[in-house]
Amino acid sequence: MADDKPADDSQEAPKKSNKMLVIIIAAVVVLLGGGGAGYFFLMGSGSAEEEVVEEVRLPAVYTKIRTKSGRPMFVATLLSDDDRAHYLQAYVVAKSRDPLAAPALEKHMPLIVSRLNTMFSTQEFAKLSSLEAKQQLRSDATKLIQGILKQRIKVSGIEEVLFTNFVMQ
């Protein structure tokens, strides 16, 4: 009988070590799974670092460029090779998101109107017939007003000039 007991002890020892080994492996798997899940949720997929924060843009403000008498349009005589008189009528609006631009446009309106009148009067009728020439004129008007504002308030102020009506005759 004494011989039977040591044999039982040797059989019980492997059962305990197998149970302990299974418990340790299960604990390691649970810890690794929890750590991986925690990393995934806390760190994300890396897109949080790559996302660019979108800049909050102020709403656009449209300021009509008007003559001192309040007329909302420009009327200019165009240069022409034929002996006929050709005219340009344009309604001009400045688009801006800068809060300083609208008051500056109002303050310097006589200068802006004068420079735009000069620019419009030096255009040739035949060249302004194409879409590209009209877009170039709009771009030139934008640069002209931006230059005036940059000189006066140290900021270009406007994004672009829009022609809300453009008639050539």
# chains A, B, ... in the order shown; residues from 1 in each chain; ligands from 1
>>> select_by_dssp(residues="segment 22-94 of chain A", states="strand (DSSP E or B)", output="list in words")
Val61, Tyr62, Thr63, Lys64, Met73, Phe74, Val75, Ala76, Thr77, Leu78, Leu79, His86, Tyr87, Leu88, Gln89, Ala90, Tyr91, Val92, Val93 and Ala94 of chain A
>>> residues_around(residues="Val93 of chain A", least_positions_apart="3", cutoff="7 Å", atoms="only C-alpha atoms", output="list in words")
Tyr62, Thr63, Lys64, Ile65, Val161, Leu162, Phe163 and Thr164 of chain A
>>> write_last_selection(atoms="C-alpha atoms", output="short mmCIF file (atom, residue, chain, number, x, y, z; two decimals), in the first residue's frame")
data_model
loop_
_atom_site.label_atom_id
_atom_site.label_comp_id
_atom_site.auth_asym_id
_atom_site.auth_seq_id
_atom_site.Cartn_x
_atom_site.Cartn_y
_atom_site.Cartn_z
CA TYR A 62 -20.44 90.17 -51.45
CA THR A 63 -19.88 93.91 -51.83
CA LYS A 64 -21.25 95.70 -54.88
CA ILE A 65 -18.74 97.99 -56.49
CA VAL A 161 -14.23 89.82 -58.42
CA LEU A 162 -17.43 88.59 -60.02
CA PHE A 163 -19.26 90.03 -62.98
CA THR A 164 -22.94 89.60 -62.19
#
>>> closest_residue(among="A:Val22, A:Met119, A:Ile153, A:Leu31", to="Arg138 of chain A", atoms="only C-alpha atoms")
A:Met119
>>> atom_distance(atom1="atom CA of Ser96 of chain A", atom2="atom CA of Gln151 of chain A")
16.8 Å
>>> closest_residue(among="A:Val29, A:Val155, A:Ala126, A:Ala94", to="Glu106 of chain A", atoms="only C-alpha atoms")
A:Ala94
>>> closest_residue(among="A:Lys134, A:His86, A:Lys150, A:Lys143", to="Asn165 of chain A", atoms="only C-alpha atoms")
A:Lys134
>>> select_by_dssp(residues="segment 13-146 of chain A", states="alpha helix (DSSP H)", output="PyMOL selection string")
chain A and resi 13-43+47-50+101-107+109-121+131-146
>>> atom_distance(atom1="atom CA of Tyr87 of chain A", atom2="atom CA of Val75 of chain A")
6.8 Å
>>> residues_around(residues="Arg66 of chain A", least_positions_apart="4", cutoff="9 Å", atoms="only C-alpha atoms", output="list in words")
Gly70, Arg71, Pro72, Met73, Phe74, Tyr91, Val92, Val93, Met109, Pro110 and Val113 of chain A
>>> residues_around(residues="segment 158-160 of chain A", least_positions_apart="3", cutoff="8 Å", atoms="only C-alpha atoms", output="PyMOL selection string")
chain A and resi 94-98+101+139+142+145-146
>>> atom_distance(atom1="atom CA of Leu131 of chain A", atom2="atom CA of Ala60 of chain A")
25.1 Å
>>> closest_residue(among="A:Val61, A:Ser129, A:Arg115, A:Ser121", to="Ala141 of chain A", atoms="only C-alpha atoms")
A:Arg115
